[in-house]
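For reference, the structure is listed below as structure tokens.
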Amino acid sequence: MLAAKEIRESFKAFFASKEHQIVPSAPMVVKDDPTLMFTNAGMNQFKNIILGNDPIKYPRVADSQKCLRVSGKHNDLEEVGHDTYHHTMFEMLGNWSFGDYFKAEAIAWAWEYLTEVLKLDKDRLYVTVFEGSPAEGLDRDNEAAGIWAKYIAEDRIINGNKKDNFWEMGDTGPCGPCSEIHIDLRSDAERAQVSGRDLVNGDHPQVIEIWNNVFMQYNRKADGSLEPLPNKVIDTGMGFERLCVAVQGKTSNYDTDVFQPLLKAVGEICGTEYAKDAKVDVAMRVVADHIRTIAFAITDGQLPSNAKAGYVIRRILRRAVRYGYTFLGQRQAFMYKLIPALIDNMGEAYPELGAQQTLIEKVIKEEEDSFLRTLETGIRLLDRVMAETKAAGKTEISGVDAFTLYDTYGFPLDLTELILKENALTLNIDDFNAEMQKQKDRARNAAAVETGDWVVVREGDIEFVGYDQTQCDTQILRYRRLVQKNKEYYQVVLSCTPFYAEMGGQVGDSGWLITEDGNGVEIRDTKRENNLPVHIMSKLPEDVTCNFLAKINTEKRAAAEANHTATHLLHKALRDLLGTHVEQKGSYVSPEVLRFDFSHFQKVTPEEIRKVEHAVNKLIRQNIALDEHRDLPIEEAKAMGAMALFGEKYGDSVRVIRYGDSIELCGGTHAQSTGNIGLFRIISESSIAAGVRRIEAVTAEYAEHLVDEMQDHQNSIKELLNNTPDVITAIKKNLEESADLRKKVENFMQERAMMLRDSLLQRAEEIGDIKVIRHISNENPETNKIIVPFFRGKFADVKFMYVAGNVFEGKPSLTIFFSQPMVDAGFNAGKLIREAAKFIQGGGGGQAFMATAGGKNPDGMDEAINYVIEAIK
Ligand code: ATP
Ligand code: MG
């Protein structure tokens with residue numbers, strides 16, 4: 001039996017023999033593409049070639065690509081674990097032709113590989129072809145059907161609809177029919193009863209699609225119409241795990257050697273056994289599947305977090321924790337314990353797993369712990385909602401409550417439902433869905449962009465001169481109009497541009513497009529769309545066909561460059577000081593500030609911060625000149641000792657930026673020498689996830705401003721202290737003095753209160769059987785706090801009331817005290833004071849025996865006191 005590893009190699013060897021260039025997998029986490037968070041198909045890394053934005057380096061390529069399908073167009077998350085053939089992360093084997101071979105070869109080779117190399121049983125295979133779409137004027141793909149007929153019986157060629165058999169890159173762009181290969185893995189007895197033909201595309205767990213061959217031959221325009229694609233493309237994708245099932249004669253992906261070692265580890269850690277109880281099986285599959293995804297995401301630089309791609313990873317982790325909690329009895333963090341088994345299984349092929357083991361484990365454990373706490377909070381909240389529902393004599397809890405649990409506390413719906421079921425309660429699912437829909441609409445409206453077709457002004461190549469020049473002569477090649485939140489703007493592509501398009505954490509340039517007569521139109525920002533540099537403009541120049549001067553805002557560029565170079569120096573200083581476990585986990589460089597995220601397991605102490613600042617500033621003073629290498633093959637860059645960040649794409653030649661011992665792969669723009677940075681200051685250090693710290697810093701003018709501010713601040717303090725030369729001693733002295741004064745005031749108040757108490761006792765009056773002291777004064781009402789406890793003791797057995805009206809510094813306040821016998825007789829100071837306070841336009845409250853109120857109208861004091869007296873009569 002072929003092992004998984006051998007199957008992967010055989011695929012590559014086969015296509016190499018058909019003159020394909022074998023390339024490495026691109027990273028699973030996609031950086032620098034606003035339209036895609038994760039690689040979800042083999043073709044992603046070739047998108048720019050297919051769109052014609054990048055040159056065709058090799059017309060035929062093949063690879064095995066790590067994919068993740070948990071968001072956006074492909075989201076299989078809810079299937080994973082419940083079925084046995086969808087994963088979150090999986091490998092996709094693929095072969096491509098960019099304007100080279102087309103359907104005939106693609107089909108012939110797919111067939112040859114499956115039936116001759118792997119010797120899959122032809123009797124178990126079926127293929128589909130696009131049935132056509134009259135609405136779009138598209139015929140059945142008779143071309144593909146005709147080619148298939150050379151290899152496979154006619155009754156095994158099945159028509160498929162547009163949903164299954166017509167592939168589109170997006171709302172616009174390359175598209176075309178596709179042809180899928182399905183395999184029937186059922187037993188002979190089952191196959192004899194029902195033909196596999198009837199089960200294709202029927203969600204049968206053992207009649208599944210293994211390979212999709214896409215024939216891109218059209219381009220879809222914004223108005224929905226199709227035009228022929230000049231360079232036809234073959235794009236195929238075959239699920240590696242599913243292929244292993246077919247070749248190894250299994251019926252579930254989890255029974256192959258790809259997953260068996262992981263399932264075994266899950267069983268050992270959780271004390272459960274696979275294939276005994278259906279629910280436990282689902283949970284074990286979920287855990288075995290998800291741990292791969294989470295670990296690979298972390299090594300790829302995507303940590304769990306509360307936004308975007310990080311949130312997707314967090315949700316996958318939480319899903320596994322929750323299945324473990326509910327079905328595997330795991331009340332403590334346990335996922336992180338699977339990492340050694342994962343490294344055992346996959347560490348050889350993916351050395352980054354072993355290299356980052358500590359970080360992976362720490363991050364996962366902390367996420368697990370924090371989610372388990374959330375789960376417990378959620379369970380308590382749910383308990384309360386259930387109790388209230390039962391108390392109200394109902395059996396259904398509101399969908400809005402369930403949504404709040406889900407949305408605010410991350411409490412999953414199916415767990416809510418499970419707990420409700422155990423308590424014989426139900427949930428109003430329509431309300432829940434309505435809430436969910438509302439939230440989705442809000443998100444969609446905020447993000448929706450209406451994109452027009454490109455208007456081509458002229459054809460031509462694009463040249464970037466921004467590493468060497470700040471301005472250049474240029475022409476507009478094409479532009480399009482976009483509308484977002486009712487605001488329109490334009491994306492403009494220039495023939496030659498000095499504008500750096502946002503990438504690798506460095507923000508894009510801004511500047512101007514200037515006509516020959518000197519009129520400038522602003523370029524707000526520069527971004528990259530499918531590797532195409534697009535200049536963002538609020539309005540277009542009047543005549544888009546004329547010649548322009550493109551000119552960047554050099555002040556902002558210089559500030560961004562200082563920050564970018566300082567980021568490299570910071571990286572170097574951190575590694576030198578803290579150790580080589582420090583690895584870049586993210587970075588943001590703008591003209592104003594730089595932000596650098598890196599792996600490190602404890603707080604960077606203030607002393608270490610100081611040392612890092614000193615080290616960076618020293619490199620700045622050494623004024624080290626930039627040593628730039630463009631177009632260096634990756635191997636040479638590595639030999640130089642460059643710190644490679646996240647994985648590089650195939651065939652990339654790289655750019656190396658070097659300042660002395662700081663050597664990094666980087667596409668950004670940099671200071672000509674470190675001296676240009678001027679000054680470097682760290683403004684904050686914090687934690688952004690387990691094992692990941694963030695440093696924010698400023699340089700050059702911004703650092704100067706920071707120092708100015710600190711100095712101004714200090715000067716103001718000095719002035720307040722009569723320009724004393726020794727600020728610290730002066731402040732200490734002040735603090736001591738004021739503590740001393742406070743003590744004196746307290747003593748004085750105490751004495752005052754005692755005198756007052758004695759004179760008040762003389763003035764006690766009798767109202768019925770109640771002893772009353774009333775007291776209107778301009779005293780500080782704080783004295784009441786000293787007097788009342790005394791009255792409380794003295795009149796413990798007597799009916800007694802003390803009512804005080806203080807108008808202190810113009811502000812009226814009321815105090816009412818009742819002795820215990822009064823409270824026992826039903827008098828309530830808290831209630832009474834709310835009524836009385838109305839006379840002084842105020843409010844307050846308290847307990848039955850004692851209450852206070854403040855107000856705005858001192859003139860109402862007499863009436864307020866009278867009201868209280870009347871009330872006890
Ligand atoms: P399905 O209908 O089974 O979800 P698909 O139509 O989404 O498959 P494609 O987008 O054509 O699949 O992807 C190409 C191949 O990748 C499929 O033929 C299949 O073998 C594999 N594949 C797709 N999704 C997954 C997944 N979630 N887990 C494992 N393999 C997958
Ligand atoms: Mg799918």
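Here's how to read the names in the structure tokens: chain A, B, ... by the order shown, residue numbers from 1 in each chain, ligand numbers from 1 in the order shown.
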
**Prompt:** Mind listing the residues within 8 Å of ligand 2, only C-alpha atoms and all ligand atoms counted, as a PyMOL selection string?
**Reply:** chain A and resi 74-76+86

**Item:** Those in range 451-585 of chain A with strand (DSSP E) from DSSP, as number ranges by chain
**Value:** A: 451, 455-456, 463-464, 471-474, 476-484, 487-494, 496-497, 511-515, 520-523, 525-529, 532-537, 548-552, 584-585

**Request:** For range 755-758 of chain A, work out the shell of residues within 12 Å, counting only C-alpha atoms and skipping chain neighbours fewer than 3 positions away, then give it as an NGL selection string.
**Result:** :A and (748-752 or 761-764 or 773-777 or 779-780 or 783-791 or 794 or 802)

**Item:** Every residue of range 536-613 of chain A that DSSP places in alpha helix (DSSP H), as a ChimeraX atom specification
**Value:** /A:554-578,606-613

Those residues with C-alpha atoms, as a PDB file, in the first residue's frame please?
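Output below, filename selection_5.pdb:
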```
ATOM      1  CA  THR A 554       8.483  63.259  -0.139  1.00  0.00           C
ATOM      2  CA  GLU A 555       8.078  64.409   3.455  1.00  0.00           C
ATOM      3  CA  LYS A 556       5.724  61.570   4.278  1.00  0.00           C
ATOM      4  CA  ARG A 557       7.824  59.094   2.337  1.00  0.00           C
ATOM      5  CA  ALA A 558      10.991  60.085   4.215  1.00  0.00           C
ATOM      6  CA  ALA A 559       9.172  59.718   7.545  1.00  0.00           C
ATOM      7  CA  ALA A 560       7.886  56.252   6.566  1.00  0.00           C
ATOM      8  CA  GLU A 561      11.364  55.235   5.416  1.00  0.00           C
ATOM      9  CA  ALA A 562      12.898  56.296   8.713  1.00  0.00           C
ATOM     10  CA  ASN A 563      10.324  54.175  10.517  1.00  0.00           C
ATOM     11  CA  HIS A 564      10.833  51.194   8.237  1.00  0.00           C
ATOM     12  CA  THR A 565      14.597  51.207   8.620  1.00  0.00           C
ATOM     13  CA  ALA A 566      14.213  51.694  12.370  1.00  0.00           C
ATOM     14  CA  THR A 567      11.945  48.604  12.409  1.00  0.00           C
ATOM     15  CA  HIS A 568      14.796  46.527  11.002  1.00  0.00           C
ATOM     16  CA  LEU A 569      17.229  47.923  13.547  1.00  0.00           C
ATOM     17  CA  LEU A 570      14.716  47.271  16.316  1.00  0.00           C
ATOM     18  CA  HIS A 571      14.304  43.658  15.137  1.00  0.00           C
ATOM     19  CA  LYS A 572      18.062  43.227  15.238  1.00  0.00           C
ATOM     20  CA  ALA A 573      18.458  44.862  18.657  1.00  0.00           C
ATOM     21  CA  LEU A 574      15.689  42.691  20.140  1.00  0.00           C
ATOM     22  CA  ARG A 575      17.266  39.487  18.844  1.00  0.00           C
ATOM     23  CA  ASP A 576      20.677  40.530  20.113  1.00  0.00           C
ATOM     24  CA  LEU A 577      19.344  41.406  23.547  1.00  0.00           C
ATOM     25  CA  LEU A 578      16.547  38.889  24.152  1.00  0.00           C
ATOM     26  CA  PRO A 606      11.781  48.914  31.359  1.00  0.00           C
ATOM     27  CA  GLU A 607      15.527  48.259  31.647  1.00  0.00           C
ATOM     28  CA  GLU A 608      15.447  46.118  28.497  1.00  0.00           C
ATOM     29  CA  ILE A 609      13.439  48.779  26.668  1.00  0.00           C
ATOM     30  CA  ARG A 610      16.084  51.298  27.562  1.00  0.00           C
ATOM     31  CA  LYS A 611      18.835  48.991  26.315  1.00  0.00           C
ATOM     32  CA  VAL A 612      17.014  48.410  23.037  1.00  0.00           C
ATOM     33  CA  GLU A 613      16.560  52.156  22.540  1.00  0.00           C
TER      34      GLU A 613
END
```

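Picture a line from CA of Ile657 in chain A to CA of Glu628 in chain A; it runs 5.0 Å.
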
**Message:** List as number ranges by chain the protein and nucleic acid residues lying within 8 Å of ligand 1, with only C-alpha atoms and all ligand atoms counted.
**Reply:** A: 41, 68-69, 74-77, 80, 85-92, 164, 180-182, 201, 208-213, 236-243

**Item:** Shell of 10 Å around Ser495 in chain A, only C-alpha atoms, local chain residues under 3 positions omitted, as a ChimeraX atom specification
**Value:** /A:458-464,473-478

For those residues, write N, CA, C and O atoms to a file as a PDB file, in the first residue's frame.
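Contents of out-v2.pdb, freshly written:
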```pdb
ATOM      1  N   ARG A 458      -4.827  53.233 -22.609  1.00  0.00           N
ATOM      2  CA  ARG A 458      -3.831  52.733 -23.556  1.00  0.00           C
ATOM      3  C   ARG A 458      -3.201  51.468 -22.971  1.00  0.00           C
ATOM      4  O   ARG A 458      -3.232  51.252 -21.774  1.00  0.00           O
ATOM      5  N   GLU A 459      -2.685  50.625 -23.856  1.00  0.00           N
ATOM      6  CA  GLU A 459      -2.006  49.411 -23.397  1.00  0.00           C
ATOM      7  C   GLU A 459      -0.566  49.771 -23.072  1.00  0.00           C
ATOM      8  O   GLU A 459      -0.039  50.749 -23.590  1.00  0.00           O
ATOM      9  N   GLY A 460       0.069  48.970 -22.238  1.00  0.00           N
ATOM     10  CA  GLY A 460       1.475  49.244 -21.959  1.00  0.00           C
ATOM     11  C   GLY A 460       1.931  48.564 -20.695  1.00  0.00           C
ATOM     12  O   GLY A 460       1.121  48.056 -19.926  1.00  0.00           O
ATOM     13  N   ASP A 461       3.238  48.526 -20.517  1.00  0.00           N
ATOM     14  CA  ASP A 461       3.801  47.899 -19.328  1.00  0.00           C
ATOM     15  C   ASP A 461       3.825  48.881 -18.173  1.00  0.00           C
ATOM     16  O   ASP A 461       3.770  50.092 -18.370  1.00  0.00           O
ATOM     17  N   ILE A 462       3.958  48.326 -16.976  1.00  0.00           N
ATOM     18  CA  ILE A 462       4.001  49.154 -15.781  1.00  0.00           C
ATOM     19  C   ILE A 462       5.415  49.122 -15.225  1.00  0.00           C
ATOM     20  O   ILE A 462       6.009  48.057 -15.102  1.00  0.00           O
ATOM     21  N   GLU A 463       5.921  50.305 -14.899  1.00  0.00           N
ATOM     22  CA  GLU A 463       7.267  50.345 -14.347  1.00  0.00           C
ATOM     23  C   GLU A 463       7.234  51.033 -12.988  1.00  0.00           C
ATOM     24  O   GLU A 463       6.611  52.087 -12.839  1.00  0.00           O
ATOM     25  N   PHE A 464       7.859  50.425 -11.990  1.00  0.00           N
ATOM     26  CA  PHE A 464       7.954  51.044 -10.667  1.00  0.00           C
ATOM     27  C   PHE A 464       9.362  51.611 -10.499  1.00  0.00           C
ATOM     28  O   PHE A 464      10.350  50.882 -10.631  1.00  0.00           O
ATOM     29  N   ASP A 473       7.846  61.025 -15.311  1.00  0.00           N
ATOM     30  CA  ASP A 473       6.842  61.277 -16.339  1.00  0.00           C
ATOM     31  C   ASP A 473       6.004  60.026 -16.501  1.00  0.00           C
ATOM     32  O   ASP A 473       6.532  58.911 -16.443  1.00  0.00           O
ATOM     33  N   THR A 474       4.714  60.216 -16.735  1.00  0.00           N
ATOM     34  CA  THR A 474       3.868  59.036 -16.805  1.00  0.00           C
ATOM     35  C   THR A 474       2.597  59.296 -17.603  1.00  0.00           C
ATOM     36  O   THR A 474       2.285  60.444 -17.949  1.00  0.00           O
ATOM     37  N   GLN A 475       1.887  58.187 -17.880  1.00  0.00           N
ATOM     38  CA  GLN A 475       0.580  58.261 -18.547  1.00  0.00           C
ATOM     39  C   GLN A 475      -0.365  57.306 -17.838  1.00  0.00           C
ATOM     40  O   GLN A 475       0.076  56.329 -17.227  1.00  0.00           O
ATOM     41  N   ILE A 476      -1.661  57.594 -17.972  1.00  0.00           N
ATOM     42  CA  ILE A 476      -2.642  56.683 -17.376  1.00  0.00           C
ATOM     43  C   ILE A 476      -2.855  55.515 -18.334  1.00  0.00           C
ATOM     44  O   ILE A 476      -3.128  55.730 -19.525  1.00  0.00           O
ATOM     45  N   LEU A 477      -2.707  54.278 -17.829  1.00  0.00           N
ATOM     46  CA  LEU A 477      -2.982  53.106 -18.655  1.00  0.00           C
ATOM     47  C   LEU A 477      -4.455  52.743 -18.585  1.00  0.00           C
ATOM     48  O   LEU A 477      -5.097  52.517 -19.586  1.00  0.00           O
ATOM     49  N   ARG A 478      -4.980  52.654 -17.359  1.00  0.00           N
ATOM     50  CA  ARG A 478      -6.399  52.372 -17.207  1.00  0.00           C
ATOM     51  C   ARG A 478      -6.878  52.856 -15.856  1.00  0.00           C
ATOM     52  O   ARG A 478      -6.087  53.123 -14.950  1.00  0.00           O
TER      53      ARG A 478
END
```

**Request:** Pick out the residues sitting within 9 Å of range 481-489 of chain A, and hand them over as a list in words; count only C-alpha atoms, and ignore anything fewer than 4 positions along from it in its own chain.
**Result:** Asn445, Ala446, Ala447, Ala448, Val449, Glu450, Thr451, Gly452, Asp453, Trp454, Val455, Ile536, Met537, Ser538, Lys539 and Leu540 of chain A

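Shortest separation to Val807 in chain A among A:Met754, A:Ala149, A:Met335, A:Met861 occurs at residue A:Met861, atoms counted being only C-alpha atoms.
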
**Asked** Within 10 Å of Ile158 in chain A, counting only C-alpha atoms, which residues qualify if same-chain residues fewer than 5 places away don't, as a ChimeraX atom specification?
**Response** /A:126-131,145,179-180,197-198,200

Expected file contents, prior selection, all heavy atoms, as a CSV table (one decimal), in the first residue's frame:
```csv
chain,number,residue,atom,x,y,z
A,126,TYR,N,-16.3,8.2,-12.3
A,126,TYR,CA,-17.3,8.9,-13.1
A,126,TYR,C,-16.7,10.3,-13.3
A,126,TYR,O,-15.9,10.9,-12.5
A,126,TYR,CB,-18.6,9.1,-12.3
A,126,TYR,CG,-19.2,7.7,-12.0
A,126,TYR,CD1,-18.9,7.0,-10.9
A,126,TYR,CD2,-20.2,7.2,-12.9
A,126,TYR,CE1,-19.5,5.8,-10.6
A,126,TYR,CE2,-20.7,6.0,-12.7
A,126,TYR,CZ,-20.4,5.2,-11.5
A,126,TYR,OH,-21.0,4.0,-11.3
A,127,VAL,N,-17.1,10.9,-14.4
A,127,VAL,CA,-16.7,12.3,-14.7
A,127,VAL,C,-17.9,13.2,-15.0
A,127,VAL,O,-18.9,12.7,-15.5
A,127,VAL,CB,-15.7,12.4,-15.8
A,127,VAL,CG1,-14.4,11.6,-15.5
A,127,VAL,CG2,-16.3,12.0,-17.2
A,128,THR,N,-17.8,14.5,-14.8
A,128,THR,CA,-18.9,15.4,-15.1
A,128,THR,C,-18.4,16.4,-16.1
A,128,THR,O,-17.2,16.7,-16.2
A,128,THR,CB,-19.4,16.1,-13.8
A,128,THR,OG1,-18.3,17.0,-13.3
A,128,THR,CG2,-19.9,15.2,-12.8
A,129,VAL,N,-19.4,16.9,-16.9
A,129,VAL,CA,-19.1,18.0,-17.8
A,129,VAL,C,-20.2,19.0,-17.7
A,129,VAL,O,-21.3,18.7,-17.4
A,129,VAL,CB,-18.9,17.6,-19.3
A,129,VAL,CG1,-17.7,16.6,-19.5
A,129,VAL,CG2,-20.2,16.9,-19.8
A,130,PHE,N,-19.9,20.3,-18.1
A,130,PHE,CA,-20.9,21.4,-18.0
A,130,PHE,C,-22.0,21.2,-19.0
A,130,PHE,O,-21.7,21.0,-20.2
A,130,PHE,CB,-20.1,22.7,-18.2
A,130,PHE,CG,-21.0,23.9,-18.2
A,130,PHE,CD1,-22.0,24.1,-17.2
A,130,PHE,CD2,-20.9,24.9,-19.2
A,130,PHE,CE1,-22.8,25.2,-17.1
A,130,PHE,CE2,-21.8,26.0,-19.1
A,130,PHE,CZ,-22.7,26.2,-18.1
A,131,GLU,N,-23.2,21.2,-18.5
A,131,GLU,CA,-24.4,20.9,-19.4
A,131,GLU,C,-24.8,22.1,-20.2
A,131,GLU,O,-25.6,22.0,-21.1
A,131,GLU,CB,-25.6,20.5,-18.5
A,131,GLU,CG,-26.1,21.7,-17.6
A,131,GLU,CD,-27.2,21.3,-16.7
A,131,GLU,OE1,-27.6,20.1,-16.6
A,131,GLU,OE2,-27.7,22.2,-16.0
A,145,ALA,N,-16.5,16.6,-23.3
A,145,ALA,CA,-17.3,15.3,-23.3
A,145,ALA,C,-16.7,14.4,-24.4
A,145,ALA,O,-16.5,13.2,-24.2
A,145,ALA,CB,-18.7,15.5,-23.5
A,179,SER,N,-14.7,20.2,-15.2
A,179,SER,CA,-15.0,18.8,-15.3
A,179,SER,C,-14.4,18.1,-14.1
A,179,SER,O,-13.2,18.2,-13.8
A,179,SER,CB,-14.3,18.3,-16.6
A,179,SER,OG,-14.7,17.0,-16.9
A,180,GLU,N,-15.3,17.4,-13.4
A,180,GLU,CA,-14.9,16.8,-12.1
A,180,GLU,C,-14.8,15.3,-12.2
A,180,GLU,O,-15.5,14.7,-13.0
A,180,GLU,CB,-15.9,17.1,-11.0
A,180,GLU,CG,-16.2,18.5,-10.7
A,180,GLU,CD,-17.5,18.6,-9.9
A,180,GLU,OE1,-18.3,17.7,-9.9
A,180,GLU,OE2,-17.7,19.7,-9.3
A,197,ARG,N,-23.5,6.1,-10.6
A,197,ARG,CA,-24.0,7.2,-11.4
A,197,ARG,C,-25.0,8.1,-10.8
A,197,ARG,O,-25.0,9.3,-10.9
A,197,ARG,CB,-24.5,6.6,-12.7
A,197,ARG,CG,-24.8,7.6,-13.8
A,197,ARG,CD,-25.5,7.0,-15.0
A,197,ARG,NE,-26.2,8.1,-15.6
A,197,ARG,CZ,-25.7,8.9,-16.5
A,197,ARG,NH1,-24.5,8.6,-17.0
A,197,ARG,NH2,-26.4,9.9,-17.0
A,198,ASP,N,-26.0,7.4,-10.0
A,198,ASP,CA,-27.1,8.1,-9.4
A,198,ASP,C,-26.7,8.8,-8.1
A,198,ASP,O,-27.4,9.6,-7.6
A,198,ASP,CB,-28.2,7.2,-9.1
A,198,ASP,CG,-28.7,6.5,-10.4
A,198,ASP,OD1,-28.6,7.1,-11.4
A,198,ASP,OD2,-29.2,5.3,-10.3
A,200,VAL,N,-23.6,10.5,-7.8
A,200,VAL,CA,-22.6,11.5,-8.0
A,200,VAL,C,-23.2,12.9,-7.7
A,200,VAL,O,-24.4,13.2,-8.1
A,200,VAL,CB,-22.1,11.5,-9.5
A,200,VAL,CG1,-21.4,12.8,-9.9
A,200,VAL,CG2,-21.2,10.3,-9.7
```

**Request:** Quick one: pull the distance between CA of Gly170 in chain A and CA of Pro533 in chain A, Å, one decimal.
**Result:** 19.5 Å

**Request:** Could you tell me which of A:Asp769, A:Asp300, A:Asp33, A:Asp631 comes closest to Lys66 in chain A if we count only C-alpha atoms?
**Result:**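 The closest residue to Lys66 in chain A is A:Asp300.
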
**Request:** Would you mind telling me which residue in A:Ala333, A:Val803, A:Met436, A:Ala703 lies nearest to Lys362 in chain A when using only C-alpha atoms?
**Result:**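 For Lys362 in chain A, the nearest of the given residues is A:Ala333.
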
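Of the residues listed (A:Tyr588, A:Phe327, A:Phe680, A:Phe598), A:Phe680 shows the shortest atom-to-atom separation from Lys618 in chain A; distances use only C-alpha atoms.
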
**Message:** List the spatial neighbours of Ala639 in chain A as a ChimeraX atom specification - criterion: any atom at most 12 Å away, only C-alpha atoms, same-chain residues fewer than 5 positions off excluded.
**Reply:** /A:632-634,644,656,663-664

**Item:** Nearest candidate to Ser252 in chain A (options A:Leu185, A:Leu814, A:Ala288, A:Val534; using only C-alpha atoms)
**Value:**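 Between A:Leu185, A:Leu814, A:Ala288, A:Val534, the residue approaching Ser252 in chain A most closely is A:Leu185.
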